[in-house]
>>> print(open('model.tsv').read())   # TSV, C-alpha atoms and all ligand atoms
chain	number	residue	atom	x	y	z
A	110	MET	CA	22.17	9.00	-11.11
A	111	ASP	CA	23.98	5.75	-10.36
A	112	GLU	CA	24.95	7.07	-6.96
A	113	MET	CA	21.32	7.95	-6.25
A	114	ASN	CA	20.34	4.39	-7.15
A	115	THR	CA	22.59	2.97	-4.46
A	116	ILE	CA	21.41	5.49	-1.87
A	117	TRP	CA	17.75	4.88	-2.70
A	118	PRO	CA	17.59	1.40	-4.24
A	119	PHE	CA	13.97	1.75	-5.38
A	120	ILE	CA	12.32	2.64	-8.65
A	121	GLY	CA	10.20	5.71	-9.37
A	122	ASN	CA	9.70	8.77	-7.16
A	123	ASP	CA	13.19	10.19	-7.65
A	124	HIS	CA	11.84	13.67	-6.84
A	125	ALA	CA	11.19	12.54	-3.24
A	126	PHE	CA	14.57	10.81	-2.91
A	127	ASN	CA	16.44	13.82	-4.32
A	128	PHE	CA	14.66	16.08	-1.88
A	129	LEU	CA	15.52	13.87	1.11
A	130	SER	CA	19.16	13.50	0.05
A	131	LYS	CA	19.52	17.27	-0.34
A	132	SER	CA	17.94	17.87	3.09
A	133	ILE	CA	20.37	15.41	4.69
A	134	LYS	CA	23.39	17.01	2.98
A	135	ALA	CA	22.31	20.51	3.97
A	136	ASN	CA	21.36	19.29	7.45
A	137	LYS	CA	17.95	20.87	7.01
A	138	LEU	CA	15.64	18.26	8.38
A	139	ALA	CA	11.99	18.66	9.28
A	140	GLN	CA	10.73	17.28	12.60
A	141	THR	CA	7.81	15.59	10.91
A	142	TYR	CA	7.35	14.23	7.41
A	143	ILE	CA	4.24	12.97	5.67
A	144	PHE	CA	4.84	10.56	2.79
A	145	LYS	CA	1.52	10.53	0.98
A	146	GLY	CA	0.34	8.59	-2.04
A	147	ILE	CA	-1.40	5.36	-3.06
A	148	SER	CA	-0.48	2.18	-1.20
A	149	ASN	CA	2.35	-0.14	-2.30
A	150	VAL	CA	4.51	2.41	-4.11
A	151	GLY	CA	7.33	2.23	-1.53
A	152	LYS	CA	6.52	4.92	1.04
A	153	THR	CA	7.44	2.78	4.05
A	154	ARG	CA	10.59	1.44	2.39
A	155	ALA	CA	11.65	5.01	1.59
A	156	ALA	CA	10.94	6.06	5.18
A	157	THR	CA	12.99	3.14	6.52
A	158	GLN	CA	15.90	3.95	4.20
A	159	PHE	CA	15.76	7.61	5.29
A	160	ALA	CA	15.94	6.43	8.90
A	161	LYS	CA	18.85	4.11	8.12
A	162	ILE	CA	20.83	6.99	6.60
A	163	LEU	CA	20.16	9.27	9.57
A	164	LEU	CA	20.95	6.58	12.15
A	165	CYS	CA	24.13	5.29	10.47
A	166	ASN	CA	27.21	5.77	12.66
A	167	SER	CA	29.67	6.29	9.82
A	168	LYS	CA	30.93	9.77	9.03
A	169	ASN	CA	29.54	9.50	5.49
A	170	ASN	CA	25.97	10.46	6.19
A	171	ILE	CA	24.79	10.38	2.57
A	172	LYS	CA	23.98	6.69	2.54
A	173	PRO	CA	23.94	3.88	5.12
A	174	CYS	CA	27.36	2.20	5.43
A	175	GLY	CA	25.80	-1.22	5.97
A	176	ALA	CA	28.55	-2.19	8.43
A	177	CYS	CA	28.11	-0.19	11.64
A	178	LEU	CA	26.09	-1.44	14.61
A	179	SER	CA	23.09	0.70	13.73
A	180	CYS	CA	23.00	-0.46	10.10
A	181	GLU	CA	23.42	-4.04	11.24
A	182	ASN	CA	20.59	-3.82	13.77
A	183	LEU	CA	18.28	-2.23	11.24
A	184	THR	CA	19.03	-4.85	8.62
A	185	THR	CA	18.39	-7.75	10.97
A	186	LEU	CA	15.47	-5.80	12.43
A	187	LYS	CA	16.64	-6.09	16.02
A	188	GLU	CA	14.22	-3.36	16.88
A	189	SER	CA	14.76	-3.69	20.60
A	190	ASN	CA	18.16	-2.02	20.39
A	191	SER	CA	17.70	0.29	17.48
A	192	ASP	CA	16.60	3.91	17.44
A	193	LEU	CA	13.91	3.26	14.87
A	194	TYR	CA	10.33	2.62	15.99
A	195	ILE	CA	7.54	1.58	13.67
A	196	LEU	CA	3.93	2.05	14.66
A	197	LYS	CA	1.19	0.33	12.68
A	198	LYS	CA	-2.33	-0.97	13.08
A	199	ASP	CA	-2.67	-4.60	14.21
A	200	SER	CA	-4.34	-6.48	11.36
A	201	ASP	CA	-7.30	-7.57	13.50
A	202	LYS	CA	-7.92	-4.10	14.96
A	203	LYS	CA	-9.99	-1.23	13.63
A	204	ASP	CA	-7.44	1.46	14.41
A	205	ILE	CA	-4.09	2.17	16.06
A	206	SER	CA	-4.85	2.26	19.78
A	207	THR	CA	-4.03	5.24	21.99
A	208	GLU	CA	-1.94	2.92	24.13
A	209	GLN	CA	0.20	1.98	21.11
A	210	VAL	CA	0.70	5.69	20.39
A	211	ARG	CA	1.74	6.36	24.02
A	212	ASP	CA	4.32	3.52	23.92
A	213	PHE	CA	5.64	4.84	20.62
A	214	ILE	CA	6.00	8.38	21.97
A	215	HIS	CA	7.58	7.07	25.17
A	216	ASN	CA	10.18	5.13	23.16
A	217	LEU	CA	11.03	8.20	21.12
A	218	SER	CA	11.55	10.23	24.29
A	219	MET	CA	14.20	7.83	25.64
A	220	SER	CA	17.87	8.57	25.00
A	221	SER	CA	19.42	7.20	21.83
A	222	PHE	CA	21.48	3.99	21.52
A	223	ASN	CA	23.74	5.44	18.84
A	224	ASN	CA	24.43	8.80	17.34
A	225	GLY	CA	21.57	10.76	18.74
A	226	TYR	CA	18.55	10.47	16.47
A	227	LYS	CA	15.35	8.69	17.46
A	228	ILE	CA	13.13	8.04	14.48
A	229	GLY	CA	9.51	6.95	14.42
A	230	ILE	CA	7.56	5.76	11.40
A	231	ILE	CA	3.75	5.62	11.60
A	232	LYS	CA	2.57	3.33	8.85
A	233	SER	CA	-0.83	4.17	7.34
A	234	ALA	CA	-1.18	6.99	9.85
A	235	HIS	CA	-4.82	7.54	8.84
A	236	HIS	CA	-5.53	4.59	11.15
A	237	LEU	CA	-4.82	6.76	14.20
A	238	ASN	CA	-7.98	7.69	16.10
A	239	SER	CA	-8.64	11.19	17.41
A	240	SER	CA	-7.03	10.60	20.81
A	241	GLY	CA	-4.01	9.08	19.02
A	242	PHE	CA	-3.71	12.17	16.85
A	243	ASN	CA	-3.99	14.37	19.95
A	244	ALA	CA	-1.22	12.48	21.74
A	245	LEU	CA	0.94	12.80	18.64
A	246	LEU	CA	0.17	16.50	18.30
A	247	LYS	CA	1.34	17.14	21.87
A	248	THR	CA	4.72	15.64	20.96
A	249	LEU	CA	4.95	17.73	17.80
A	250	GLU	CA	4.17	20.86	19.80
A	251	GLU	CA	7.29	20.31	21.90
A	252	PRO	CA	9.79	19.57	19.12
A	253	ASN	CA	13.03	17.82	19.89
A	254	LYS	CA	15.71	18.26	17.24
A	255	LYS	CA	16.84	14.67	17.59
A	256	VAL	CA	13.38	13.13	17.15
A	257	ILE	CA	12.02	12.72	13.64
A	258	ILE	CA	8.59	11.29	12.91
A	259	ILE	CA	7.52	10.08	9.46
A	260	LEU	CA	3.86	9.41	8.73
A	261	THR	CA	2.94	7.40	5.65
A	262	THR	CA	-0.60	7.52	4.35
A	263	SER	CA	-2.78	6.85	1.36
A	264	SER	CA	-5.56	9.06	2.80
A	265	VAL	CA	-3.98	12.36	3.73
A	266	THR	CA	-7.45	13.94	4.08
A	267	LYS	CA	-7.87	11.89	7.27
A	268	ILE	CA	-4.84	13.54	8.89
A	269	PRO	CA	-5.78	16.63	10.95
A	270	MET	CA	-4.66	19.99	9.57
A	271	THR	CA	-2.89	20.71	12.87
A	272	ILE	CA	-0.50	17.85	12.05
A	273	ILE	CA	-0.27	18.52	8.31
A	274	SER	CA	0.69	22.16	8.93
A	275	ARG	CA	3.64	21.03	11.05
A	276	SER	CA	4.91	18.52	8.50
A	277	GLN	CA	7.03	18.40	5.39
A	278	ILE	CA	4.86	16.64	2.81
A	279	LEU	CA	6.30	14.43	0.05
A	280	ARG	CA	4.05	12.94	-2.58
A	281	PHE	CA	4.69	9.41	-3.88
A	282	LYS	CA	3.26	8.52	-7.26
A	283	SER	CA	2.55	5.23	-8.99
A	284	VAL	CA	5.54	3.83	-10.86
A	285	GLY	CA	5.71	3.53	-14.67
A	286	GLN	CA	4.93	0.10	-16.14
A	287	ASN	CA	8.25	0.03	-18.03
A	288	LEU	CA	10.26	0.63	-14.87
A	289	ILE	CA	8.42	-2.20	-13.09
A	290	TYR	CA	8.90	-4.49	-16.09
A	291	ASP	CA	12.67	-3.81	-16.06
A	292	LEU	CA	12.82	-4.35	-12.30
A	293	LEU	CA	11.10	-7.74	-12.56
A	294	ILE	CA	13.47	-8.85	-15.33
A	295	ASP	CA	16.74	-7.43	-13.96
A	296	LYS	CA	16.41	-7.89	-10.22
A	297	TYR	CA	13.85	-10.68	-9.88
A	298	LYS	CA	14.80	-12.69	-13.00
A	299	ALA	CA	11.18	-13.00	-14.12
A	300	GLU	CA	10.30	-14.46	-17.50
A	301	ARG	CA	9.48	-11.78	-20.07
A	302	SER	CA	5.84	-12.78	-20.52
A	303	GLU	CA	5.27	-12.94	-16.76
A	304	ALA	CA	7.02	-9.58	-16.23
A	305	LYS	CA	4.77	-8.08	-18.91
A	306	ASN	CA	1.58	-9.44	-17.32
A	307	LEU	CA	2.51	-8.52	-13.76
A	308	SER	CA	3.81	-5.04	-14.60
A	309	HIS	CA	0.41	-4.30	-16.15
A	310	MET	CA	-1.56	-6.07	-13.43
A	311	CYS	CA	0.00	-4.17	-10.52
A	312	LEU	CA	-1.17	-0.73	-11.76
A	313	GLY	CA	2.02	1.14	-10.92
A	314	LYS	CA	2.58	-0.60	-7.55
A	315	PRO	CA	5.95	-2.37	-7.64
A	316	ALA	CA	5.38	-4.06	-4.28
A	317	ILE	CA	2.29	-5.79	-5.65
A	318	ALA	CA	4.14	-6.94	-8.77
A	319	ILE	CA	6.92	-8.42	-6.61
A	320	LYS	CA	4.42	-10.09	-4.29
A	321	LEU	CA	2.53	-11.61	-7.23
A	322	LEU	CA	5.82	-12.89	-8.63
A	323	GLU	CA	7.26	-14.30	-5.42
A	324	ASN	CA	4.19	-15.46	-3.55
A	325	LYS	CA	2.45	-18.11	-5.62
A	326	GLU	CA	-0.36	-18.50	-3.07
A	327	TYR	CA	-1.11	-14.76	-3.36
A	328	GLN	CA	-1.01	-15.01	-7.15
A	329	THR	CA	-3.38	-18.01	-7.15
A	330	LYS	CA	-5.84	-16.14	-4.91
A	331	TYR	CA	-5.63	-13.09	-7.13
A	332	ILE	CA	-6.26	-15.10	-10.29
A	333	ASN	CA	-9.08	-16.96	-8.54
A	334	ASN	CA	-10.79	-13.64	-7.79
A	335	ILE	CA	-10.46	-12.72	-11.45
A	336	ASN	CA	-12.01	-16.00	-12.57
A	337	ILE	CA	-14.98	-15.60	-10.24
A	338	PHE	CA	-15.65	-12.23	-11.89
A	339	VAL	CA	-15.57	-13.80	-15.34
A	340	ASP	CA	-17.89	-16.61	-14.16
A	341	PHE	CA	-20.26	-14.12	-12.56
A	342	ASN	CA	-20.68	-12.30	-15.82
A	343	THR	CA	-21.52	-15.46	-17.76
A	344	SER	CA	-23.49	-17.61	-15.25
A	345	THR	CA	-27.12	-17.94	-14.20
A	346	LEU	CA	-28.28	-16.46	-10.88
A	347	GLU	CA	-28.59	-19.94	-9.38
A	348	ILE	CA	-24.94	-20.75	-10.09
A	349	LYS	CA	-23.85	-17.35	-8.80
A	350	LEU	CA	-25.69	-17.81	-5.48
A	351	LYS	CA	-24.18	-21.29	-5.08
A	352	LYS	CA	-20.71	-19.86	-5.65
A	353	ILE	CA	-21.37	-17.20	-3.00
A	354	GLU	CA	-22.23	-19.92	-0.48
A	355	GLU	CA	-18.89	-21.56	-1.25
A	356	ILE	CA	-16.95	-18.30	-0.80
A	357	PHE	CA	-18.76	-17.37	2.41
A	358	PRO	CA	-19.57	-20.61	4.28
A	359	GLN	CA	-21.77	-20.32	7.35
A	360	LYS	CA	-19.15	-20.84	10.04
A	361	GLN	CA	-16.66	-18.37	8.57
A	362	GLU	CA	-15.32	-15.73	10.94
A	363	ALA	CA	-16.77	-12.28	10.22
A	364	SER	CA	-13.38	-10.55	9.89
A	365	VAL	CA	-12.14	-13.20	7.41
A	366	ALA	CA	-15.32	-12.94	5.33
A	367	ASN	CA	-15.04	-9.17	5.30
A	368	LEU	CA	-11.45	-9.25	4.08
A	369	ILE	CA	-12.28	-11.74	1.30
A	370	ALA	CA	-15.22	-9.56	0.24
A	371	GLN	CA	-13.09	-6.40	0.17
A	372	LYS	CA	-10.39	-8.08	-1.94
A	373	LEU	CA	-12.97	-9.44	-4.37
A	374	ILE	CA	-14.61	-6.07	-4.86
A	375	GLU	CA	-11.23	-4.36	-5.27
A	376	ALA	CA	-10.19	-6.90	-7.94
A	377	TRP	CA	-13.56	-6.70	-9.68
A	378	LEU	CA	-13.50	-2.90	-9.87
A	379	ALA	CA	-10.13	-3.16	-11.61
A	380	LEU	CA	-11.54	-5.76	-14.04
A	381	LEU	CA	-14.50	-3.56	-14.75
A	382	ARG	CA	-12.17	-0.68	-15.50
A	383	ASP	CA	-10.46	-2.95	-18.03
A	384	CYS	CA	-13.83	-3.80	-19.64
A	385	LEU	CA	-14.59	-0.09	-19.98
A	386	LEU	CA	-11.14	0.59	-21.46
A	387	LEU	CA	-11.70	-2.18	-24.01
A	388	LYS	CA	-15.10	-0.69	-24.80
A	389	PHE	CA	-13.33	2.56	-25.69
A	390	ASN	CA	-10.55	0.77	-27.64
A	391	GLN	CA	-7.87	1.70	-25.10
A	392	LYS	CA	-6.18	-1.70	-25.01
A	393	ILE	CA	-2.75	-0.33	-24.05
A	394	TYR	CA	-4.05	0.74	-20.62
A	395	VAL	CA	-5.63	-2.63	-19.79
A	396	GLN	CA	-4.37	-4.05	-16.50
A	397	HIS	CA	-5.22	-7.74	-16.92
A	398	THR	CA	-3.61	-8.31	-20.30
A	399	MET	CA	-3.49	-12.10	-19.85
A	400	ILE	CA	-7.28	-12.40	-19.85
A	401	SER	CA	-8.06	-9.57	-22.26
A	402	GLU	CA	-9.85	-12.04	-24.56
A	403	LYS	CA	-12.30	-13.04	-21.83
A	404	LEU	CA	-12.81	-9.42	-20.78
A	405	ASN	CA	-13.41	-8.52	-24.39
A	406	THR	CA	-16.22	-11.08	-24.57
A	407	ILE	CA	-17.79	-9.65	-21.40
A	408	GLN	CA	-17.67	-6.04	-22.61
A	409	LYS	CA	-19.05	-6.96	-26.05
A	410	ASN	CA	-22.15	-8.40	-24.38
A	411	LYS	CA	-22.78	-5.29	-22.30
A	412	SER	CA	-23.54	-1.67	-23.07
A	413	ILE	CA	-21.51	1.19	-21.57
A	414	GLY	CA	-24.50	1.93	-19.35
A	415	GLU	CA	-24.58	-1.65	-18.05
A	416	LEU	CA	-20.86	-1.61	-17.30
A	417	LEU	CA	-21.15	1.70	-15.46
A	418	ASN	CA	-24.10	0.29	-13.52
A	419	ILE	CA	-22.00	-2.67	-12.33
A	420	GLN	CA	-19.35	-0.20	-11.22
A	421	THR	CA	-21.96	1.69	-9.18
A	422	ILE	CA	-23.19	-1.56	-7.60
A	423	LEU	CA	-19.66	-2.58	-6.61
A	424	LYS	CA	-18.92	0.84	-5.10
A	425	LYS	CA	-22.20	0.69	-3.16
A	426	SER	CA	-21.26	-2.81	-1.98
A	427	ASN	CA	-18.01	-1.44	-0.60
A	428	ARG	CA	-19.98	1.05	1.45
A	429	TYR	CA	-22.34	-1.68	2.70
A	430	LEU	CA	-19.33	-3.71	3.87
A	431	ALA	CA	-17.97	-0.65	5.69
A	432	CYS	CA	-21.34	-0.40	7.48
A	433	ASN	CA	-21.02	-4.04	8.62
A	434	VAL	CA	-23.62	-5.57	6.31
A	435	SER	CA	-22.79	-9.28	6.13
A	436	PRO	CA	-20.47	-10.05	3.17
A	437	LYS	CA	-22.76	-12.87	2.00
A	438	ASN	CA	-25.73	-10.49	1.82
A	439	VAL	CA	-23.62	-7.94	-0.02
A	440	PHE	CA	-22.62	-10.51	-2.63
A	441	ASP	CA	-26.20	-11.79	-2.97
A	442	TYR	CA	-27.08	-8.19	-3.78
A	443	ILE	CA	-24.29	-8.06	-6.38
A	444	ALA	CA	-25.34	-11.39	-7.92
A	445	ILE	CA	-28.94	-10.29	-8.30
A	446	ASN	CA	-27.99	-6.96	-9.84
A	447	ILE	CA	-25.22	-7.75	-12.30
A	501	ZN	ZN	26.10	2.46	9.11
>>> encode(input="model.tsv", output="structure tokens")
Amino acid sequence: MDEMNTIWPFIGNDHAFNFLSKSIKANKLAQTYIFKGISNVGKTRAATQFAKILLCNSKNNIKPCGACLSCENLTTLKESNSDLYILKKDSDKKDISTEQVRDFIHNLSMSSFNNGYKIGIIKSAHHLNSSGFNALLKTLEEPNKKVIIILTTSSVTKIPMTIISRSQILRFKSVGQNLIYDLLIDKYKAERSEAKNLSHMCLGKPAIAIKLLENKEYQTKYINNINIFVDFNTSTLEIKLKKIEEIFPQKQEASVANLIAQKLIEAWLALLRDCLLLKFNQKIYVQHTMISEKLNTIQKNKSIGELLNIQTILKKSNRYLACNVSPKNVFDYIAINI
């Protein structure tokens, strides 16, 4: 097991790592892989490590040597002279453009810098549009043994069957709270109380736990979103509407407002889940252990029906946002109804 830990230095999902290691050893590689599962459980990191192993120039092809030119380039991310290409959606765009897909495919068709493989990772591949999928499908229909493409996705239902049927699918699951707790203590030297809070808060997503630990600005924003939820459940409508004006000022850019609104709703749905768990005396599953007292007060003042109704309102709000209703209007709707 120790050897596996150095080949795949991540926690959880050993079934996927074992499978990939065995495929490499037996030289039985698929042309296309789909790593599916919820976001932030390490799909892209696993895909990158898989690529590093395959691209390593050393004779030992079980794990990356860390010293050859290919390993060095991949560690310093000198993508321009590596055989690994990563395709992902630009943060301000709605999807991955067809032009991006064409460039990606073109790069993969060029000859290799090193030992022969060209590897492409498509991050959150559900962001491809139909012409992007078609361009990709054409490449998959003319397989090249030295080209391997790995798609990661949290919404495999959005990937066309024509692509799924040509791919080896590996499922990534959320990681156990204990494993994340140990990781935060051993590798990131977190305090015990903080490791306990964050390992609960991240809901099985180690990357989120690490980000909350290392990025104080992210943690402050996250906690701020939590506090607004608590305030919302204890304030008058007038105060709630005032708060909404502060969160969504008039001159705010639409894309920024939309992102803030999405994050708020995501955080609030998780808090609501905690309130429901507390209602059913399931304290051990509560995500936000550090404010369980406050959440307890909220749930005590509401019936199960009322809590479920808030959940419905928040889910509806998510759909309104997706249909481009202004975030301020969506939150006014929430304020009036919860
Ligand atoms: Zn190497």
>>> closest_residue(input="model.tsv", among="A:Asn169, A:Ser302, A:Thr421, A:Ser191", to="ligand ZN 501 (chain A)", atoms="all atoms listed in the file")
A:Asn169
>>> atom_distance(input="model.tsv", atom1="atom CA of A:Lys227", atom2="atom CA of A:Asp192")
4.9 Å
>>> residues_near_ligand(input="model.tsv", ligand="ligand ZN 501 (chain A)", cutoff="8 Å", atoms="only C-alpha atoms and all ligand atoms", output="list in words")
Lys161, Ile162, Leu164, Cys165, Asn166, Ser167, Pro173, Cys174, Gly175, Ala176, Cys177, Leu178, Ser179, Cys180 and Glu181 of chain A
>>> closest_residue(input="model.tsv", among="A:Asn306, A:Gln328, A:Thr345, A:Asn433", to="A:Ile400", atoms="all atoms listed in the file")
A:Asn306
>>> residues_near_point(input="model.tsv", point="(-2.2, -6.8, -12.5)", cutoff="6 Å", atoms="only C-alpha atoms", output="JSON list (two decimals) with C-alpha atoms, in the frame of the given file")
[["chain", "number", "residue", "atom", "x", "y", "z"],
["A", 307, "LEU", "CA", 2.51, -8.52, -13.76],
["A", 309, "HIS", "CA", 0.41, -4.30, -16.15],
["A", 310, "MET", "CA", -1.56, -6.07, -13.43],
["A", 311, "CYS", "CA", 0.00, -4.17, -10.52],
["A", 396, "GLN", "CA", -4.37, -4.05, -16.50],
["A", 397, "HIS", "CA", -5.22, -7.74, -16.92]]
>>> residues_around(input="model.tsv", residues="stretch 320-322 of chain A", least_positions_apart="6", cutoff="9 Å", atoms="all atoms listed in the file", output="PyMOL selection string")
chain A and resi 293+297+299+303-304+307+311+328-329+331
>>> residues_around(input="model.tsv", residues="stretch 232-246 of chain A", least_positions_apart="3", cutoff="9 Å", atoms="only C-alpha atoms", output="PyMOL selection string")
chain A and resi 148+152-153+195-198+203-211+214+249-251+259-269+271-272
>>> closest_residue(input="model.tsv", among="A:Asn122, A:Asn438, A:Asn410, A:Asn333", to="A:Glu354", atoms="all atoms listed in the file")
A:Asn438
>>> atom_distance(input="model.tsv", atom1="atom CA of A:Ser426", atom2="atom CA of A:Gln371")
9.2 Å
>>> atom_distance(input="model.tsv", atom1="atom CA of A:Asn223", atom2="atom CA of A:Asn136")
18.1 Å
>>> residues_around(input="model.tsv", residues="A:Arg382", least_positions_apart="2", cutoff="12 Å", atoms="all atoms listed in the file", output="PyMOL selection string")
chain A and resi 312+375-380+384-389+391-392+394-397+401+404-405+408+413+416-417+419-421+423
>>> closest_residue(input="model.tsv", among="A:Ser200, A:Asn216, A:Ser412, A:Thr184", to="A:Thr157", atoms="only C-alpha atoms")
A:Thr184
>>> residues_near_point(input="model.tsv", point="(15.1, 13.1, 1.2)", cutoff="12 Å", atoms="only C-alpha atoms", output="mmCIF file with C-alpha atoms, in the coordinates of the input")
data_model
loop_
_atom_site.group_PDB
_atom_site.id
_atom_site.type_symbol
_atom_site.label_atom_id
_atom_site.label_comp_id
_atom_site.auth_asym_id
_atom_site.auth_seq_id
_atom_site.Cartn_x
_atom_site.Cartn_y
_atom_site.Cartn_z
ATOM 1 C CA MET A 113 21.320 7.950 -6.250
ATOM 2 C CA ILE A 116 21.410 5.490 -1.870
ATOM 3 C CA TRP A 117 17.750 4.880 -2.700
ATOM 4 C CA ASN A 122 9.700 8.770 -7.160
ATOM 5 C CA ASP A 123 13.190 10.190 -7.650
ATOM 6 C CA HIS A 124 11.840 13.670 -6.840
ATOM 7 C CA ALA A 125 11.190 12.540 -3.240
ATOM 8 C CA PHE A 126 14.570 10.810 -2.910
ATOM 9 C CA ASN A 127 16.440 13.820 -4.320
ATOM 10 C CA PHE A 128 14.660 16.080 -1.880
ATOM 11 C CA LEU A 129 15.520 13.870 1.110
ATOM 12 C CA SER A 130 19.160 13.500 0.050
ATOM 13 C CA LYS A 131 19.520 17.270 -0.340
ATOM 14 C CA SER A 132 17.940 17.870 3.090
ATOM 15 C CA ILE A 133 20.370 15.410 4.690
ATOM 16 C CA LYS A 134 23.390 17.010 2.980
ATOM 17 C CA ALA A 135 22.310 20.510 3.970
ATOM 18 C CA ASN A 136 21.360 19.290 7.450
ATOM 19 C CA LYS A 137 17.950 20.870 7.010
ATOM 20 C CA LEU A 138 15.640 18.260 8.380
ATOM 21 C CA ALA A 139 11.990 18.660 9.280
ATOM 22 C CA TYR A 142 7.350 14.230 7.410
ATOM 23 C CA ILE A 143 4.240 12.970 5.670
ATOM 24 C CA PHE A 144 4.840 10.560 2.790
ATOM 25 C CA LYS A 152 6.520 4.920 1.040
ATOM 26 C CA ALA A 155 11.650 5.010 1.590
ATOM 27 C CA ALA A 156 10.940 6.060 5.180
ATOM 28 C CA THR A 157 12.990 3.140 6.520
ATOM 29 C CA GLN A 158 15.900 3.950 4.200
ATOM 30 C CA PHE A 159 15.760 7.610 5.290
ATOM 31 C CA ALA A 160 15.940 6.430 8.900
ATOM 32 C CA LYS A 161 18.850 4.110 8.120
ATOM 33 C CA ILE A 162 20.830 6.990 6.600
ATOM 34 C CA LEU A 163 20.160 9.270 9.570
ATOM 35 C CA ILE A 171 24.790 10.380 2.570
ATOM 36 C CA LYS A 172 23.980 6.690 2.540
ATOM 37 C CA ILE A 259 7.520 10.080 9.460
ATOM 38 C CA GLN A 277 7.030 18.400 5.390
ATOM 39 C CA ILE A 278 4.860 16.640 2.810
ATOM 40 C CA LEU A 279 6.300 14.430 0.050
ATOM 41 C CA ARG A 280 4.050 12.940 -2.580
#
>>> closest_residue(input="model.tsv", among="A:Asn114, A:Ser435, A:Ser218, A:Gln140", to="A:Ile258", atoms="all atoms listed in the file")
A:Gln140
>>> closest_residue(input="model.tsv", among="A:Gly225, A:Ile289, A:Glu112, A:Lys360", to="A:Arg301", atoms="all atoms listed in the file")
A:Ile289
>>> axis_aligned_box(input="model.tsv", around="stretch 440-446 of chain A", padding_each_side="8 Å", output="AutoDock Vina command-line options")
--center_x -25.8 --center_y -9.4 --center_z -6.2 --size_x 22.3 --size_y 20.8 --size_z 23.2
>>> decode(input="model.tsv", residues="stretch 180-210 of chain A", atoms="C-alpha atoms", output="short mmCIF file (atom, residue, chain, number, x, y, z; two decimals), in the first residue's frame")
data_model
loop_
_atom_site.label_atom_id
_atom_site.label_comp_id
_atom_site.auth_asym_id
_atom_site.auth_seq_id
_atom_site.Cartn_x
_atom_site.Cartn_y
_atom_site.Cartn_z
CA CYS A 180 8.76 15.04 -15.39
CA GLU A 181 10.58 18.33 -14.94
CA ASN A 182 8.50 20.11 -17.58
CA LEU A 183 5.28 18.79 -16.12
CA THR A 184 6.21 19.84 -12.60
CA THR A 185 7.12 23.36 -13.62
CA LEU A 186 4.15 23.34 -15.99
CA LYS A 187 6.15 24.37 -19.04
CA GLU A 188 3.23 23.28 -21.13
CA SER A 189 4.70 24.63 -24.34
CA ASN A 190 7.22 21.80 -24.54
CA SER A 191 5.37 19.00 -22.87
CA ASP A 192 3.18 16.34 -24.39
CA LEU A 193 0.32 17.06 -22.02
CA TYR A 194 -2.48 19.39 -23.09
CA ILE A 195 -5.24 20.57 -20.79
CA LEU A 196 -8.48 21.93 -22.19
CA LYS A 197 -10.89 23.78 -19.94
CA LYS A 198 -13.59 26.40 -20.07
CA ASP A 199 -12.46 30.02 -19.65
CA SER A 200 -14.03 31.31 -16.44
CA ASP A 201 -15.89 34.13 -18.20
CA LYS A 202 -17.26 31.91 -20.99
CA LYS A 203 -20.40 29.81 -21.12
CA ASP A 204 -18.75 26.79 -22.70
CA ILE A 205 -15.54 25.44 -24.21
CA SER A 206 -15.40 26.94 -27.69
CA THR A 207 -15.11 24.83 -30.84
CA GLU A 208 -11.94 26.74 -31.67
CA GLN A 209 -10.38 25.66 -28.35
CA VAL A 210 -11.30 22.05 -29.17
#
